Each structure stands twice: as structure tokens, then as C-alpha cells.
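Engineer: So that we are looking at the same thing, I have put the structure below in C-alpha cells.
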Amino acid sequence: MSQPLDVLGSITAEQFLAEYWQKKPLLVRNAMPEIAGILEPADVMELALEEHVSARLIRQKDKDPNQWSVKSSPLIKGDFQKLPKLWTLLVQAVDHYSLDLAELWKKFPFIPQWRRDDIMVSYAPKGGSVGKHFDFYDVFLVQGYGQRRWQLGQMCDADTDFVPKQPLKLLPDMDVHFDEVLNPGDLLYVPPGLAHYGVAENDCLTFSFGFRMPNVATMMDRVSDKFADNALLKNPLSDILRNQATPIGEMTRTELDYLKTTLLNYLNNAPEIDDAIMSLMSEPKYPDNIPEADEIAAGDLAEILDQGYKLMLEPASRLLYSFEDEQLLFWANGEGICIDVEFEARLKRLADGETLSLDASFSETELEDVAQLLSDSILMLLPPDEE
């Protein structure tokens with residue numbers, strides 16, 4: 001049994017996963033006090049104007065607040081002039097631009113990295129909101145600045161009706177059973193499908209730590225791409241044994257079952273499927289956010305050993321691993337990667353969110369792998385004073 005976690009209100013990860021995860025909400029006061037002050041409203045406004053940032057400006061009409069409009073990136077300074085009284089700015093993947101914020105993923109060590117989506121920040125003046133809605137993913141809403149009032153309602157699903165003729169998927173009403181104001185550092189876990197409605201009490205920033213699952217259609221697309229790359233799968237199948245003639249326009253149940261069984265048998269044991277899913281889940285959602293790294297050589301790294309430099313995963317990149325026949329396999333940013341077995345233990349620790357000191361214990365072979373992963377922007381090097 002693990003130790004109780006402050007971020008979960010002093011309950012254990014096992015208790016949270018058994019009682020709350022994807023089941024019911026959880027409010028924890030002062031769960032993440034360190035988030036307060038990481039960003040302020042002016043920082044978010046400035047970030048929204050950056051070239052590769054994904055952001056949305058949501059506005060409600062002054063004369064009819066039930067009429068909404070959405071402007072997506074790229075945003076310009078003019079978009080923030082003559083704003084209505086009620087508006088909200090949403091900026092995606094803020095953890096890619098703030099190491100302090102990215103560090104807070106470590107508050108959730110009980111949820112696998114591959115489930116992470118991003119950390120979104122919502123900035124709104126008093127009264128601003130994005131309406132009554134629900135999401136298909138898990139989210140931890142953490143107040144970072146100011147106050148926001150949250151109401152929670154009924155469970156929804158794919159058949160739930162939305163308000164017609166609006167650019168957002170808004171719910172017409174909510175059966176409110178929770179009504180609380182969150183202060184800086186407070187956390188509210190909202191499971192998938194639960195209706196929720198947040199309204200700014202004053203100028204406020206709310207950080208959304210989102211965790212998504214893939215959908216079947218996307219996984220099938222990726223598996224299909226892998227199959228298309230296998231030349232052997234393009235060879236025709238052998239025909240069934242035929243002992244009598246059938247009408248030429250009919251595809252018999254025997255024929256159809258033969259083709260289905262052959263396909264399903266291959267799918268059950270297809271080596272491409274593991275690679276397809278691992279490639280998909282290691283694919284970055286915002287590849288444009290991955291910085292273009294300078295080329296670095298193992299010799300360059302050897303010169304700075306024991307100077308206090310540290311290695312960590314680049315926040316905009318994804319690094320996953322799996323075990324196959326006791327062999328450790330790695331995928332990063334949508335592709336399988338090859339490293340020397342000597343570096344596997346350290347790379348696993350980096351994938352698990354650790355920060356490692358770059359010191360004399362690294363062998364020449366390991367430095368070759370580190371140099372390649374740094375050049376590919378999978379890992380990043382922290383100077384001594386920026387841990």
C-alpha cells in the first residue's frame with residue numbers, strides 16, 4: 001500500500017483509483033499550493049499570441065449571453081480589443097512552455113504517462129466561463145490565480161443533447177449537486193461524462209490537467225498503416241476447398257467466415273499491433289511545440305560531466321517503454337527508438353519522470369545515446385541552476 005498523497009486529500013493512490021477514478025468527483029483544498037503564482041493573467045495573454053501556441057478566445061454577446069463565438073489560433077492583439085463583458089481565453093499545452101508547470105505532472109505518479117493529454121490554462125475575468133458542458137476525458141481542475149465557482153451536475157454520454165446552433169457543445173441544463181468556490185491551490189477531479197460549469201469570481205486562472213484515452217477508429221487507422229507497410233500481407237490468400245458449385249453472385253457463409261477467421265487470427269497475433277499502439281500513444285499532440293535542438297556530440301557531453309548538468313524528458317516530447325519477452329523496448333514521438341542495452345535502465349528512469357545527473361558514471365556508449373536523444377529533442381539538458 002502506498003503512502004497517502006496531499007494532492008488527493010491525504011488518501012492513497014489505491015483508494016483514489018478504486019473509489020473516484022472515472023467514477024465520482026473529488027475536491028481537495030490546498031492540494032497544490034505551489035501552482036499559485038506560476039503564471040499570471042498577463043503571462044497567459046502574451047503566450048496566446050505566440051506563433052505555435054494553440055489557443056481559443058470564447059466570447060458571449062453583451063446583449064445576449066446565450067449567444068457564443070469562438071476564435072481559434074492564430075490570435076492577434078486586435079482580438080483582445082473591444083472585448084465583451086464575458087469572455088474566456090483557453091491556452092493548450094502550457095506545460096510545454098513552463099518547466100515549473102511541467103514539473104507538476106509528478107503530482108500524479110499513479111496515472112501512466114501515456115494517458116496524459118496536456119495542461120490547459122483558462123483565463124477569464126469576472127463572470128467568464130465556457131458554459132455548461134462535459135468532457136470525454138478525466139481532468140484535474142486546479143486553481144492557480146483568483147477564484148472560480150464550480151457546479152457539477154448529471155452524468156452525460158454520446159447521446160446527450162446539446163444547445164443547437166452554438167459553436168460550443170453546451171448543455172441546455174444541469175442537475176446541480178455540487179457548488180463550491182475554488183481558491184488558489186485547490187483541486188477538483190472531474191471524471192469523464194460529468195457535467196460541470198465553472199464561472200470566474202474575479203480575474204482567475206484555472207489549470208486543467210487532462211488525461212485522455214485513444215479511440216478505436218484512430219487505433220485502427222494506425223494499425224492499418226502498419227499493415228500497409230508489410231509486403232507479405234499484400235499476397236493473396238489461399239482459396240477454401242471447393243467441392244460443389246454455388247451461384248456466382250453469392251458469397252456463401254462458409255466463404256465469408258473463412259475470410260473473417262483468417263483476418264481475426266492474424267489480428268490476434270499480429271506483431272504490428274503493439275508497434276502501432278505504442279507509436280500512437282507516444283506521438284506528441286503538439287509536435288510544433290517540440291524545439292529544434294542544436295546538434296550535440298558525445299564528446300561535447302564528456303567535457304561537461306560533473307559540472308552539475310542534468311537530463312530530463314523534453315516536456316513537449318513523449319517517451320514510453322514496454323516489455324516484450326523480458327526485453328525493454330522504447331518509443332518516442334511516434335517512433336520506435338534503438339539504444340544500447342547499457343543505457344536502458346537510465347532511459348527507463350527518464351521515461352518515468354526522473355531527472356538524472358549527467359556525471360562521470362555515464363559510459364562513452366551511453367553518452368552516444370544521450371547525444372542522439374538530445375539532438376532529436378527527446379531529452380533536454382538542464383544547466384546547473386535550472387533544475
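By convention in this document, the chains of the C-alpha cells carry letters A, B, ... by their order, each chain's residues are numbered from 1, and ligands are numbered from 1 in the order they are shown.
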If DSSP is run on the backbone, what residues of stretch 97-153 of chain A are strand (DSSP E)? A reply as an mmCIF file with N, CA, C and O atoms, in the first residue's frame would be ideal.
Structural biologist:
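In the end it all went to selection-v8.cif:
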data_model
loop_
_atom_site.group_PDB
_atom_site.id
_atom_site.type_symbol
_atom_site.label_atom_id
_atom_site.label_comp_id
_atom_site.auth_asym_id
_atom_site.auth_seq_id
_atom_site.Cartn_x
_atom_site.Cartn_y
_atom_site.Cartn_z
ATOM 1 N N ARG A 116 -1.598 10.947 -20.400
ATOM 2 C CA ARG A 116 -1.583 12.417 -20.323
ATOM 3 C C ARG A 116 -1.985 13.045 -21.650
ATOM 4 O O ARG A 116 -1.597 12.584 -22.712
ATOM 5 N N ASP A 117 -2.755 14.112 -21.547
ATOM 6 C CA ASP A 117 -3.089 14.911 -22.717
ATOM 7 C C ASP A 117 -2.213 16.167 -22.712
ATOM 8 O O ASP A 117 -1.220 16.244 -23.398
ATOM 9 N N ASP A 118 -2.587 17.134 -21.901
ATOM 10 C CA ASP A 118 -1.755 18.325 -21.714
ATOM 11 C C ASP A 118 -2.294 19.082 -20.509
ATOM 12 O O ASP A 118 -3.261 18.665 -19.873
ATOM 13 N N ILE A 119 -1.627 20.182 -20.180
ATOM 14 C CA ILE A 119 -2.134 21.089 -19.148
ATOM 15 C C ILE A 119 -2.628 22.337 -19.855
ATOM 16 O O ILE A 119 -1.842 23.060 -20.481
ATOM 17 N N MET A 120 -3.921 22.556 -19.791
ATOM 18 C CA MET A 120 -4.538 23.737 -20.401
ATOM 19 C C MET A 120 -4.782 24.777 -19.307
ATOM 20 O O MET A 120 -5.073 24.428 -18.164
ATOM 21 N N VAL A 121 -4.652 26.044 -19.676
ATOM 22 C CA VAL A 121 -4.976 27.100 -18.731
ATOM 23 C C VAL A 121 -6.154 27.900 -19.266
ATOM 24 O O VAL A 121 -6.252 28.163 -20.472
ATOM 25 N N SER A 122 -7.062 28.226 -18.373
ATOM 26 C CA SER A 122 -8.229 29.037 -18.707
ATOM 27 C C SER A 122 -8.131 30.360 -17.945
ATOM 28 O O SER A 122 -8.040 30.365 -16.722
ATOM 29 N N TYR A 123 -8.127 31.460 -18.725
ATOM 30 C CA TYR A 123 -8.116 32.783 -18.101
ATOM 31 C C TYR A 123 -9.444 33.464 -18.388
ATOM 32 O O TYR A 123 -9.906 33.503 -19.537
ATOM 33 N N ALA A 124 -10.066 34.013 -17.353
ATOM 34 C CA ALA A 124 -11.329 34.719 -17.538
ATOM 35 C C ALA A 124 -11.456 35.827 -16.500
ATOM 36 O O ALA A 124 -11.037 35.668 -15.362
ATOM 37 N N ASP A 138 -10.691 12.411 -18.332
ATOM 38 C CA ASP A 138 -10.503 12.756 -16.920
ATOM 39 C C ASP A 138 -9.765 14.087 -16.823
ATOM 40 O O ASP A 138 -8.841 14.350 -17.598
ATOM 41 N N VAL A 139 -10.144 14.899 -15.858
ATOM 42 C CA VAL A 139 -9.466 16.180 -15.697
ATOM 43 C C VAL A 139 -9.370 16.554 -14.219
ATOM 44 O O VAL A 139 -10.314 16.339 -13.447
ATOM 45 N N PHE A 140 -8.194 17.051 -13.849
ATOM 46 C CA PHE A 140 -7.989 17.641 -12.529
ATOM 47 C C PHE A 140 -7.951 19.156 -12.733
ATOM 48 O O PHE A 140 -7.030 19.675 -13.377
ATOM 49 N N LEU A 141 -8.936 19.855 -12.201
ATOM 50 C CA LEU A 141 -9.017 21.307 -12.321
ATOM 51 C C LEU A 141 -8.340 21.916 -11.092
ATOM 52 O O LEU A 141 -8.773 21.685 -9.960
ATOM 53 N N VAL A 142 -7.276 22.677 -11.339
ATOM 54 C CA VAL A 142 -6.512 23.246 -10.229
ATOM 55 C C VAL A 142 -6.512 24.765 -10.366
ATOM 56 O O VAL A 142 -6.128 25.307 -11.411
ATOM 57 N N GLN A 143 -6.944 25.438 -9.305
ATOM 58 C CA GLN A 143 -6.980 26.890 -9.335
ATOM 59 C C GLN A 143 -5.580 27.450 -9.104
ATOM 60 O O GLN A 143 -4.916 27.096 -8.122
ATOM 61 N N GLY A 144 -5.148 28.341 -10.022
ATOM 62 C CA GLY A 144 -3.806 28.895 -9.905
ATOM 63 C C GLY A 144 -3.770 30.358 -9.507
ATOM 64 O O GLY A 144 -2.768 30.846 -8.986
ATOM 65 N N TYR A 145 -4.859 31.069 -9.783
ATOM 66 C CA TYR A 145 -4.894 32.514 -9.537
ATOM 67 C C TYR A 145 -6.367 32.906 -9.432
ATOM 68 O O TYR A 145 -7.201 32.460 -10.218
ATOM 69 N N ARG A 148 -12.650 30.613 -8.787
ATOM 70 C CA ARG A 148 -13.652 30.188 -9.758
ATOM 71 C C ARG A 148 -14.683 29.317 -9.046
ATOM 72 O O ARG A 148 -14.337 28.454 -8.238
ATOM 73 N N ARG A 149 -15.942 29.560 -9.363
ATOM 74 C CA ARG A 149 -17.041 28.782 -8.791
ATOM 75 C C ARG A 149 -17.358 27.613 -9.719
ATOM 76 O O ARG A 149 -17.554 27.810 -10.921
ATOM 77 N N TRP A 150 -17.404 26.412 -9.144
ATOM 78 C CA TRP A 150 -17.692 25.220 -9.935
ATOM 79 C C TRP A 150 -18.991 24.574 -9.480
ATOM 80 O O TRP A 150 -19.222 24.381 -8.292
ATOM 81 N N GLN A 151 -19.818 24.241 -10.459
ATOM 82 C CA GLN A 151 -21.017 23.451 -10.227
ATOM 83 C C GLN A 151 -20.894 22.141 -11.004
ATOM 84 O O GLN A 151 -20.428 22.140 -12.146
ATOM 85 N N LEU A 152 -21.291 21.043 -10.379
ATOM 86 C CA LEU A 152 -21.274 19.734 -11.024
ATOM 87 C C LEU A 152 -22.691 19.209 -11.118
ATOM 88 O O LEU A 152 -23.524 19.453 -10.233
ATOM 89 N N GLY A 153 -22.956 18.484 -12.198
ATOM 90 C CA GLY A 153 -24.317 18.001 -12.419
ATOM 91 C C GLY A 153 -24.397 16.526 -12.724
ATOM 92 O O GLY A 153 -23.706 15.709 -12.108
#
Engineer: Mind checking DSSP for stretch 182-309 of chain A and telling me the helix (DSSP H, G or I) residues as a ChimeraX atom specification?
Structural biologist: /A:216-228,231-234,253-269,271-281,287-289,298-302
Engineer: How would the residues just chosen look if you wrote them out with C-alpha atoms as a compact mmCIF listing (two decimals), in the first residue's frame?
Structural biologist:
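New file result-v2.txt:
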# COMPACT_ATOMS: atom_id res chain seq x y z
CA VAL A 216 -10.88 2.63 -31.65
CA ALA A 217 -11.05 4.39 -35.03
CA THR A 218 -7.70 6.11 -34.54
CA MET A 219 -6.04 2.91 -33.33
CA MET A 220 -7.41 1.00 -36.33
CA ASP A 221 -6.09 3.68 -38.69
CA ARG A 222 -2.63 3.33 -37.18
CA VAL A 223 -2.72 -0.48 -37.31
CA SER A 224 -3.84 -0.29 -40.94
CA ASP A 225 -0.87 1.94 -41.76
CA LYS A 226 1.49 -0.63 -40.21
CA PHE A 227 -0.16 -3.47 -42.17
CA ALA A 228 0.22 -1.49 -45.39
CA ALA A 231 4.70 -6.54 -48.17
CA LEU A 232 3.86 -10.13 -47.14
CA LEU A 233 0.34 -9.11 -46.18
CA LYS A 234 -0.30 -7.98 -49.76
CA ARG A 253 -21.45 -18.05 -45.23
CA THR A 254 -18.54 -20.52 -45.39
CA GLU A 255 -16.55 -18.18 -47.63
CA LEU A 256 -17.31 -15.13 -45.51
CA ASP A 257 -16.44 -16.96 -42.27
CA TYR A 258 -13.16 -18.17 -43.80
CA LEU A 259 -12.06 -14.63 -44.67
CA LYS A 260 -13.17 -13.24 -41.30
CA THR A 261 -11.44 -16.03 -39.37
CA THR A 262 -8.21 -15.59 -41.32
CA LEU A 263 -8.25 -11.84 -40.65
CA LEU A 264 -9.09 -12.18 -36.94
CA ASN A 265 -6.50 -14.91 -36.42
CA TYR A 266 -3.83 -12.63 -37.83
CA LEU A 267 -5.03 -9.69 -35.75
CA ASN A 268 -4.82 -11.77 -32.57
CA ASN A 269 -1.11 -12.38 -33.10
CA PRO A 271 3.32 -8.06 -34.29
CA GLU A 272 2.36 -4.80 -35.98
CA ILE A 273 -0.38 -4.08 -33.45
CA ASP A 274 1.90 -3.50 -30.45
CA ASP A 275 4.12 -1.24 -32.53
CA ALA A 276 1.10 0.63 -33.91
CA ILE A 277 -0.39 1.31 -30.48
CA MET A 278 2.93 2.25 -28.87
CA SER A 279 3.72 4.56 -31.79
CA LEU A 280 0.31 6.20 -31.49
CA MET A 281 0.46 6.67 -27.73
CA PRO A 287 4.63 18.36 -32.49
CA ASP A 288 5.20 22.01 -33.43
CA ASN A 289 5.94 22.69 -29.75
CA ALA A 298 29.13 12.59 -27.17
CA GLY A 299 32.48 14.38 -26.92
CA ASP A 300 30.70 17.63 -26.06
CA LEU A 301 28.88 15.88 -23.23
CA ALA A 302 32.08 14.28 -21.95
Engineer: Residues within 9 Å of A:Val341, please, as a PyMOL selection string. Count only C-alpha atoms; anything in the same chain fewer than 3 positions from it doesn't count.
Structural biologist: chain A and resi 328+344-345
Engineer: Do you know which residues are at most 12 Å from stretch 12-22 of chain A counting only C-alpha atoms, after dropping those on the same chain fewer than 2 positions away, and could you put them as a tab-separated table (two decimals) with C-alpha atoms, in the first residue's frame?
Structural biologist:
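Once everything was written out, this is out.tsv:
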chain	number	residue	atom	x	y	z
A	1	MET	CA	0.00	0.00	0.00
A	2	SER	CA	1.37	3.41	-0.97
A	3	GLN	CA	1.55	6.42	1.32
A	4	PRO	CA	-1.32	8.97	1.44
A	5	LEU	CA	-0.87	11.84	-1.03
A	6	ASP	CA	-1.54	15.50	-0.23
A	7	VAL	CA	-2.71	16.09	-3.81
A	8	LEU	CA	-5.51	13.56	-3.14
A	9	GLY	CA	-6.51	14.94	0.23
A	10	SER	CA	-4.32	12.54	2.19
A	24	LYS	CA	-17.10	10.37	-8.97
A	25	PRO	CA	-15.59	13.83	-8.28
A	26	LEU	CA	-13.13	14.72	-5.56
A	27	LEU	CA	-12.49	18.19	-4.07
A	28	VAL	CA	-9.18	18.73	-2.28
A	107	LYS	CA	1.95	15.11	-8.56
A	108	PHE	CA	0.09	12.34	-10.43
A	109	PRO	CA	2.51	9.37	-10.37
A	110	PHE	CA	-0.41	6.96	-10.10
A	111	ILE	CA	-1.59	7.61	-13.69
A	135	ASP	CA	-15.77	16.04	-21.43
A	136	PHE	CA	-14.92	12.51	-22.51
A	137	TYR	CA	-11.67	12.58	-20.54
A	138	ASP	CA	-10.50	12.76	-16.92
A	139	VAL	CA	-9.47	16.18	-15.70
A	140	PHE	CA	-7.99	17.64	-12.53
A	155	MET	CA	-23.56	12.14	-15.94
A	188	LEU	CA	-11.28	19.35	-8.27
A	189	TYR	CA	-11.21	15.99	-10.04
A	190	VAL	CA	-13.96	15.59	-12.65
A	191	PRO	CA	-14.47	12.13	-14.19
A	192	PRO	CA	-15.45	11.63	-17.86
A	193	GLY	CA	-19.05	12.43	-18.69
A	194	LEU	CA	-19.81	14.52	-15.59
A	211	PHE	CA	-5.93	12.57	-19.20
A	212	ARG	CA	-7.32	11.02	-22.40
A	213	MET	CA	-7.85	7.54	-23.83
Engineer: Excluding A:Gly308 and residues on its chain fewer than 5 positions from it, collect all residues at most 9 Å away from it, counting only C-alpha atoms, and give them as a list in words.
Structural biologist: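 The residues satisfying every condition are Ser357, Leu358, Asp359, Leu382, Pro383, Pro384 and Asp385 of chain A.
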Engineer: Take the residues from that selection and put them in a file with N, CA and C atoms, as a short mmCIF file (atom, residue, chain, number, x, y, z; two decimals), in the first residue's frame.
Structural biologist:
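Dumped to part01.cif:
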data_model
loop_
_atom_site.label_atom_id
_atom_site.label_comp_id
_atom_site.auth_asym_id
_atom_site.auth_seq_id
_atom_site.Cartn_x
_atom_site.Cartn_y
_atom_site.Cartn_z
N SER A 357 21.37 13.20 -13.00
CA SER A 357 22.61 13.98 -13.08
C SER A 357 23.49 13.40 -14.18
N LEU A 358 24.02 14.29 -15.01
CA LEU A 358 24.96 13.87 -16.05
C LEU A 358 26.36 13.92 -15.43
N ASP A 359 26.89 12.75 -15.10
CA ASP A 359 28.16 12.71 -14.37
C ASP A 359 29.08 11.65 -14.95
N LEU A 382 19.56 20.32 -18.65
CA LEU A 382 19.33 21.45 -17.75
C LEU A 382 20.66 21.95 -17.19
N PRO A 383 20.94 23.25 -17.34
CA PRO A 383 22.13 23.81 -16.70
C PRO A 383 22.02 23.68 -15.18
N PRO A 384 23.13 23.77 -14.48
CA PRO A 384 23.14 23.54 -13.03
C PRO A 384 22.12 24.36 -12.25
N ASP A 385 21.81 25.57 -12.67
CA ASP A 385 20.95 26.44 -11.89
C ASP A 385 19.50 26.41 -12.36
#
Engineer: Could you work out how far atom CA of A:Thr355 lies from atom CA of A:Ile296, giving the answer in Å with one decimal?
Structural biologist: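 Going from atom CA of A:Ile296 over to atom CA of A:Thr355 covers 19.4 Å.
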Engineer: Separation of atom CA of A:Asp179 and atom CA of A:Asp203, in Å?
Structural biologist: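 Computing it gives 19.2 Å between the two atoms.
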Engineer: Env of A:Asp100: 9 Å cut, atoms = only C-alpha atoms, seq-sep filter 4 positions within chain, self excluded. Answer as number ranges by chain.
Structural biologist: A: 35, 38, 95, 104
Engineer: Leaving out A:Leu89 and any residue of its chain fewer than 5 positions from it, which residues lie within 10 Å of it when counting only C-alpha atoms, given as an MDAnalysis selection string?
Structural biologist: chainID A and resid 41 44:45 48 55:59 70:72 80 121:125 128:130 205
Engineer: Measuring atom to atom with only C-alpha atoms, identify which of A:Phe162, A:Phe207, A:Tyr309, A:Phe362 is nearest to A:Leu90.
Structural biologist: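 Closest to A:Leu90, using only C-alpha atoms: A:Phe207.
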Engineer: To one decimal in Å, tell me the separation between atom CA of A:Tyr321 and atom CA of A:Gly336.
Structural biologist: 9.4 Å
